[in-house]
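In what follows, a single structure is set out as structure tokens and then discussed.
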Amino acid sequence: MTAKKSTGPDGDEAARVARARDALLAWYAQSARALPWRAEGTTAWATWVSEVMLQQTRVETVRPYFARFMERFPTPRHLAEAGEPEVLAQWAGLGYYRRARFLHAGAKAVCERFGGEVPRGVEALRGLPGVGDYTAGAVASIAFGERAPLVDGNVERVLTRLFAVGGDPRSGPVKKHLWALAAAFADHPDAGAVNQSLMELGATVCAPTSPRCLTCPVRSQCLAARAGEPERYPEKAAKKAPRDESWTALVGLHGGSAWLVPSATGRWEGMLVPVLVEGAVDAAALAGAHGGRAVTGHGEVLHVLTHARMRIAVYSAALDAPAARGALVPLDAPAGHGLPKVTLRVLAAVRSSGGAGPTQRR
Ligand code: SF4
């Protein structure tokens, strides 16, 4: 099905926006989940941090990270003054580490340009590193009450269903239409609550599969539910299958510790990883290049990312003198060192074969 159109709401849509918004606000006042970043007296900084953490990540996963992060970095200045290794360590396990780097850069920009105060207004927010339309709309509306729209995955799903918007929602005209609908919703004195009610509905009622239409507060306005086909929307473009990739990992062992290096690839940039090389490379040569000897094979680890399935052949080698660039982490107790999951998996493979599996030289 093609998109109905690429412009904002017409008369009928505008009227349905108003009715759906009233119903959503009444429902949200009763049903909103109590979340730490919604607590009374929360700051714009807390809103910003929570919105960044919640991108691609579930609420229950974010809760403990948010609490720890805000305790350590209660203001943009606290984060701006921290070193990147500590910021990444606080983020370790949440994934998508670019978010942490952008938040760090954003906090520094807030200190340099706005005296440490999160600026008001979508335009000022959009000028900060890593702040896109969604985050700017969220902070402007939720923290400052500005009539700013936002569209995330939840809002996209709710709007495409409410208005039976066909076509790929990430394509230009459909995306424009959804933002126009979101702007019509947000044109309200309590835009922050309106935006949160749309997101909350998507998160708790209008689920990707088996939406709870029978108890939905906007059911009477919903074209997809009326047609009996809510799951038809959003009409996503065919998803690309994750790429299969082959990698080789080498862990240097030195006195019961694993020698790890700051990652040079964008996936874990700056975080501590084993020596990771794409392809099935000669492990003995790889070890030799890093001053290692007595190479041991530890089988294969599968690490699945959104776009790639990494098959990682794991090796260890004895290191007499670890290079200065890198860090030694106890092999038996790597938790608490802010390591990404891929590193923890590789170290677990080394541990599980006791660092003394059959030697596999290739
Ligand atoms: S009626 Fe169903 S499809 Fe429509 S918004 Fe509610 S939960 Fe989603």
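Each chain in the structure tokens gets a letter, A, B and so on, in the order shown; residues start at 1 in every chain, and ligands are counted from 1 in the order they appear.
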With only C-alpha atoms as the counted atoms, please give the residues lying no more than 9 Å from Arg311 of chain A, apart from itself and same-chain residues fewer than 5 positions off, as a list of chain:residue names.
A:Asp244, A:Glu245, A:Ser246, A:Trp247, A:Thr248, A:Glu300, A:Val301, A:Leu302, A:His303, A:Val304
Writer output for current selection, N, CA and C atoms, as a short mmCIF file (atom, residue, chain, number, x, y, z; two decimals), in the first residue's frame:
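Printed below is selection.cif as written:
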data_model
loop_
_atom_site.label_atom_id
_atom_site.label_comp_id
_atom_site.auth_asym_id
_atom_site.auth_seq_id
_atom_site.Cartn_x
_atom_site.Cartn_y
_atom_site.Cartn_z
N ASP A 244 26.80 -12.46 8.05
CA ASP A 244 27.66 -13.40 8.77
C ASP A 244 29.10 -12.91 8.65
N GLU A 245 29.76 -12.80 9.78
CA GLU A 245 31.14 -12.32 9.76
C GLU A 245 32.04 -13.31 10.50
N SER A 246 33.25 -13.42 10.04
CA SER A 246 34.23 -14.28 10.70
C SER A 246 35.31 -13.39 11.32
N TRP A 247 35.62 -13.63 12.60
CA TRP A 247 36.62 -12.82 13.31
C TRP A 247 37.58 -13.74 14.06
N THR A 248 38.72 -13.19 14.39
CA THR A 248 39.68 -13.89 15.24
C THR A 248 39.98 -13.00 16.45
N GLU A 300 34.97 -21.44 19.38
CA GLU A 300 34.35 -20.30 18.69
C GLU A 300 33.25 -19.69 19.56
N VAL A 301 33.12 -18.40 19.48
CA VAL A 301 32.07 -17.67 20.20
C VAL A 301 31.18 -17.01 19.15
N LEU A 302 29.86 -17.07 19.37
CA LEU A 302 28.94 -16.37 18.47
C LEU A 302 28.47 -15.11 19.17
N HIS A 303 28.66 -13.97 18.54
CA HIS A 303 28.21 -12.70 19.12
C HIS A 303 27.30 -12.03 18.10
N VAL A 304 26.03 -11.88 18.47
CA VAL A 304 25.05 -11.39 17.50
C VAL A 304 24.74 -9.92 17.76
#
Distance limit 7 Å, reference ligand 1, atoms considered: only C-alpha atoms and all ligand atoms. Which residues make the cut? Give them as a PyMOL selection string.
chain A and resi 158+161-162+205-207+211-213+216-219+222+224-225+230
Take the residues that were just selected and, keeping C-alpha atoms, output them as a tab-separated table (two decimals), in the first residue's frame.
chain	number	residue	atom	x	y	z
A	158	VAL	CA	0.63	4.12	17.22
A	161	ARG	CA	-2.25	2.34	13.13
A	162	LEU	CA	-4.48	5.17	14.32
A	205	VAL	CA	-0.88	-1.35	24.88
A	206	CYS	CA	-0.22	-0.94	21.17
A	207	ALA	CA	2.46	-3.62	21.07
A	211	PRO	CA	-1.93	-5.11	20.49
A	212	ARG	CA	-4.52	-4.90	23.27
A	213	CYS	CA	-7.12	-3.12	21.16
A	216	CYS	CA	-7.13	0.66	24.22
A	217	PRO	CA	-8.23	4.21	25.11
A	218	VAL	CA	-8.16	5.35	21.47
A	219	ARG	CA	-9.83	2.33	19.95
A	222	CYS	CA	-8.25	3.82	15.33
A	224	ALA	CA	-6.41	-0.04	11.75
A	225	ALA	CA	-8.40	-1.58	14.61
A	230	PRO	CA	-3.74	-3.44	13.44
May I have the residues within 8 Å of Arg101 of chain A as a list in words, using only C-alpha atoms and disregarding those fewer than 5 positions away in the same chain?
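These residues fall inside the cut-off: Glu84, Val87 and Leu88 of chain A.
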Residue contacts of Ala109 of chain A (12 Å, only C-alpha atoms) excluding same-chain residues fewer than 2 positions away, as a VMD selection string
chain A and resid 76 to 77 79 to 81 102 to 107 111 to 119 124 to 131
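Among A:Val261, A:Ala280, A:Ala183, A:Ala193, the residue with the shortest atom-to-atom distance to Val151 of chain A, counting only C-alpha atoms, is A:Ala183.
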Show which residues sit within 12 Å of segment 89-97 of chain A, as JSON, numbers by chain. Count only C-alpha atoms, and ignore same-chain residues fewer than 5 positions away.
{"A": [49, 52, 53, 54, 55, 56, 57, 58, 59, 60, 61, 62, 63, 64, 65, 66, 67, 68, 69, 70, 71, 72, 73, 79, 82, 83, 84, 102, 103, 104, 130, 263, 265, 266, 267, 268, 269, 270, 271, 272, 305, 306, 335, 336, 337, 338, 339, 340, 341, 342, 343, 344]}
So that I can check the secondary structure, give me every residue of segment 2-222 of chain A assigned helix (DSSP H, G or I) by backbone DSSP, as a ChimeraX atom specification.
/A:11-31,36-38,44-54,59-72,76-80,84-91,98-114,122-126,133-144,153-162,172-186,191-204,213-215,219-221
Residues within 12 Å of Ala29 of chain A, only C-alpha atoms, excluding chain neighbours under 5 positions, as a PDB file with N, CA and C atoms, in the first residue's frame:
ATOM      1  N   ASP A  22      -7.341  13.792  23.643  1.00  0.00           N
ATOM      2  CA  ASP A  22      -8.096  13.911  24.903  1.00  0.00           C
ATOM      3  C   ASP A  22      -8.173  12.563  25.599  1.00  0.00           C
ATOM      4  N   ALA A  23      -8.482  11.527  24.802  1.00  0.00           N
ATOM      5  CA  ALA A  23      -8.608  10.185  25.393  1.00  0.00           C
ATOM      6  C   ALA A  23      -7.263   9.705  25.945  1.00  0.00           C
ATOM      7  N   LEU A  24      -6.202   9.991  25.201  1.00  0.00           N
ATOM      8  CA  LEU A  24      -4.862   9.564  25.635  1.00  0.00           C
ATOM      9  C   LEU A  24      -4.448  10.257  26.928  1.00  0.00           C
ATOM     10  N   ALA A  34       5.135   4.519  36.913  1.00  0.00           N
ATOM     11  CA  ALA A  34       6.007   5.361  37.743  1.00  0.00           C
ATOM     12  C   ALA A  34       7.452   5.032  37.382  1.00  0.00           C
ATOM     13  N   ASP A 190      -0.036  20.959  27.305  1.00  0.00           N
ATOM     14  CA  ASP A 190       0.749  19.963  28.032  1.00  0.00           C
ATOM     15  C   ASP A 190       1.368  18.979  27.035  1.00  0.00           C
ATOM     16  N   ALA A 193       3.121  15.769  28.329  1.00  0.00           N
ATOM     17  CA  ALA A 193       2.252  14.637  28.694  1.00  0.00           C
ATOM     18  C   ALA A 193       1.674  13.982  27.439  1.00  0.00           C
ATOM     19  N   VAL A 194       1.341  14.790  26.438  1.00  0.00           N
ATOM     20  CA  VAL A 194       0.797  14.221  25.195  1.00  0.00           C
ATOM     21  C   VAL A 194       1.842  13.287  24.563  1.00  0.00           C
ATOM     22  N   GLN A 196       4.404  11.844  25.953  1.00  0.00           N
ATOM     23  CA  GLN A 196       4.654  10.651  26.775  1.00  0.00           C
ATOM     24  C   GLN A 196       3.488   9.676  26.697  1.00  0.00           C
ATOM     25  N   SER A 197       2.262  10.205  26.539  1.00  0.00           N
ATOM     26  CA  SER A 197       1.110   9.296  26.460  1.00  0.00           C
ATOM     27  C   SER A 197       1.155   8.482  25.164  1.00  0.00           C
ATOM     28  N   GLU A 200       3.851   5.922  25.754  1.00  0.00           N
ATOM     29  CA  GLU A 200       3.406   4.937  26.747  1.00  0.00           C
ATOM     30  C   GLU A 200       2.398   3.963  26.128  1.00  0.00           C
ATOM     31  N   PRO A 217      -7.442   2.985  24.925  1.00  0.00           N
ATOM     32  CA  PRO A 217      -8.233   4.207  25.114  1.00  0.00           C
ATOM     33  C   PRO A 217      -8.581   4.929  23.810  1.00  0.00           C
TER      34      PRO A 217
END
Shell around His298 of chain A at 7 Å using only C-alpha atoms, local window under 5 positions removed, as an mmCIF file with C-alpha atoms, in the first residue's frame:
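Output file selection29.cif is given in full below:
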data_model
loop_
_atom_site.group_PDB
_atom_site.id
_atom_site.type_symbol
_atom_site.label_atom_id
_atom_site.label_comp_id
_atom_site.auth_asym_id
_atom_site.auth_seq_id
_atom_site.Cartn_x
_atom_site.Cartn_y
_atom_site.Cartn_z
ATOM 1 C CA VAL A 314 39.141 -17.418 20.237
ATOM 2 C CA TYR A 315 42.838 -17.875 21.023
ATOM 3 C CA ALA A 349 35.558 -19.004 26.373
ATOM 4 C CA VAL A 350 39.178 -18.754 27.505
ATOM 5 C CA SER A 353 38.750 -24.270 28.582
ATOM 6 C CA GLY A 357 42.835 -26.245 25.440
#
I'd like to know which of A:Ala264, A:His78, A:Gly121, A:Phe144 is closest to Thr47 of chain A, using only C-alpha atoms.
A:Phe144
Which distance in Å separates atom CA of Leu331 of chain A and atom CA of Gly291 of chain A, to one decimal?
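It comes out at 18.9 Å.
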